[in-house]
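> First the structure, then my questions, so here it is.
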Amino acid sequence: MTTRIEATATTLSWIPSEAVTGLTRAAFETGFTHYDPPPPDVVDDLDRLRAGDRFRYANLLAGWAEVEDGRIVRAGYADRSGVLMGSTTVRIGRLGATFAAIALPVLRREPELLADGSVRLTQTCGGRTALPAPRAVPHAPFVKLQSPLVWTTLSLTIHPDGRSEPGLPGASAFPRHWVYDDAGALALKSGLTDYSAWAAHSFGARTPWGDEDSPALTVEVESAAERVLSRLLMGGAEKPRIRTLAADDLLTLQGEPGDELYLLLDGVLRVEVDGRRLAEVGPGAVLGERAVLEGGRRTSTLAAVTPVRVAVAPSSAIDRERLAELAGSHRREDVPA
């Protein structure tokens, strides 16, 4: 008897606030073009999201697998698999123009039948904006007029029992990439954006359409409570200040006084208590609330694993009831090692 399984995985790629550096930053700060609000926690209609300008591009991997005697024996990509390119809107005063992005050919690997009876499908999608982006680059041809390429390499592992898991083995260093599972729920995030490296290198041979992909650093998804708090911190009347750290720099030191809240915008932070590494957190994590609620001293050390950008806000930016709810989920030292 043959059983057929169908599953999907999706990435949405978008430009978060404060992610652009260098001279291009002025185009975003003056309103010539725009950052993007975070995509939804659950994706149920990609066409509607694209019509609402909610992402720059999407990689939809729809796959099927046939199971015989408890093992997957055949698998493939559904016809609807592929790339959905968004658009870029530019404005000068009250005038605006929208430019459709340009998609590149979809790259797919042959289905990989695994030893445990499952199968892995892998698909790369991407493209570039239609707007020119003149810039100097550090290797031939040393000047580029077209915009750099963006992409995600998305994997989908399908198991004989019907389960499926998305993965992000590769992606461009910019913009931010969110990964959604078969149910449309947010499952993974890229942990680091690097606009400067992307602008300098993401063309020609240094892309999946040339000779190489870029490994993606992925992090777990933060809690729904943190996503609510992040919107409150960034959208409040008093804008938080932005702080940058190099890898290995300390954001907080356990035992020191502190009454500020932190929203991790980009990069990965390591959480340590009494010298024990408890967790690594990525973009969207809200930190520092326990010092506010528990006597004004830091209860953990936060160290940068990668270069980090963090928004710093006064404790008054969020009411204590919301902070208490978040603090209850952050007692990582209470979890057995």
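Every chain in the structure tokens has a letter given in the order shown (A, B, ...), and although residue numbers restart at 1 in each chain, ligands are simply numbered from 1 in the order shown.
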Can you pull out every residue within 6 Å of stretch 220-231 of chain A, counting only C-alpha atoms, but drop anything in the same chain fewer than 2 positions away, and send it as a CSV table (one decimal) with N, CA, C and O atoms, in the first residue's frame?

chain,number,residue,atom,x,y,z
A,188,LEU,N,11.5,29.3,12.6
A,188,LEU,CA,13.0,29.7,12.7
A,188,LEU,C,13.1,31.1,12.2
A,188,LEU,O,12.3,31.6,11.4
A,233,LEU,N,7.9,48.5,22.4
A,233,LEU,CA,9.2,49.2,22.6
A,233,LEU,C,9.6,50.1,21.4
A,233,LEU,O,10.0,51.2,21.5
A,234,MET,N,9.4,49.5,20.2
A,234,MET,CA,9.8,50.2,19.0
A,234,MET,C,8.8,51.3,18.5
A,234,MET,O,9.1,52.2,17.8
A,235,GLY,N,7.5,51.1,18.9
A,235,GLY,CA,6.5,52.0,18.5
A,235,GLY,C,6.0,53.0,19.5
A,235,GLY,O,5.1,53.7,19.3
A,285,ALA,N,14.3,39.0,20.9
A,285,ALA,CA,14.3,38.7,22.3
A,285,ALA,C,14.3,40.0,23.1
A,285,ALA,O,15.0,40.9,22.8
A,286,VAL,N,13.5,40.0,24.2
A,286,VAL,CA,13.4,41.2,25.1
A,286,VAL,C,14.1,40.7,26.4
A,286,VAL,O,13.7,39.7,27.0
> Between atom CA of A:Thr193 and atom CA of A:Ala173, what is the distance in Å, rounded to a tenth?
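One can read the atom CA of A:Thr193 to atom CA of A:Ala173 distance as 5.3 Å.
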> What does the structure give for the distance between atom CA of A:Gly52 and atom CA of A:Ser13, in Å to one decimal?
14.2 Å
> Compare A:Thr244, A:Thr2, A:Ser202, A:Thr218 by their minimum atom-to-atom distance to A:Val308, counting only C-alpha atoms, and give me the closest one.
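Ranking A:Thr244, A:Thr2, A:Ser202, A:Thr218 by distance to A:Val308, first place goes to A:Thr244.
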> Based on the backbone DSSP call, show me all residues of stretch 39-250 of chain A assigned strand (DSSP E or B), as an NGL selection string.
:A and (42 or 57-68 or 71-77 or 82-85 or 87-92 or 95-100 or 102-103 or 107-108 or 112-113 or 119-128 or 135-136 or 143-144 or 150-158 or 164-171 or 176-180 or 185-190 or 215 or 218-220 or 241-245 or 250)
> Compare A:Arg128, A:Arg276, A:Arg176, A:Arg135 by their minimum atom-to-atom distance to A:Thr11, counting only C-alpha atoms, and give me the closest one.
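Answer, going by the shortest atom-to-atom distance: A:Arg176.
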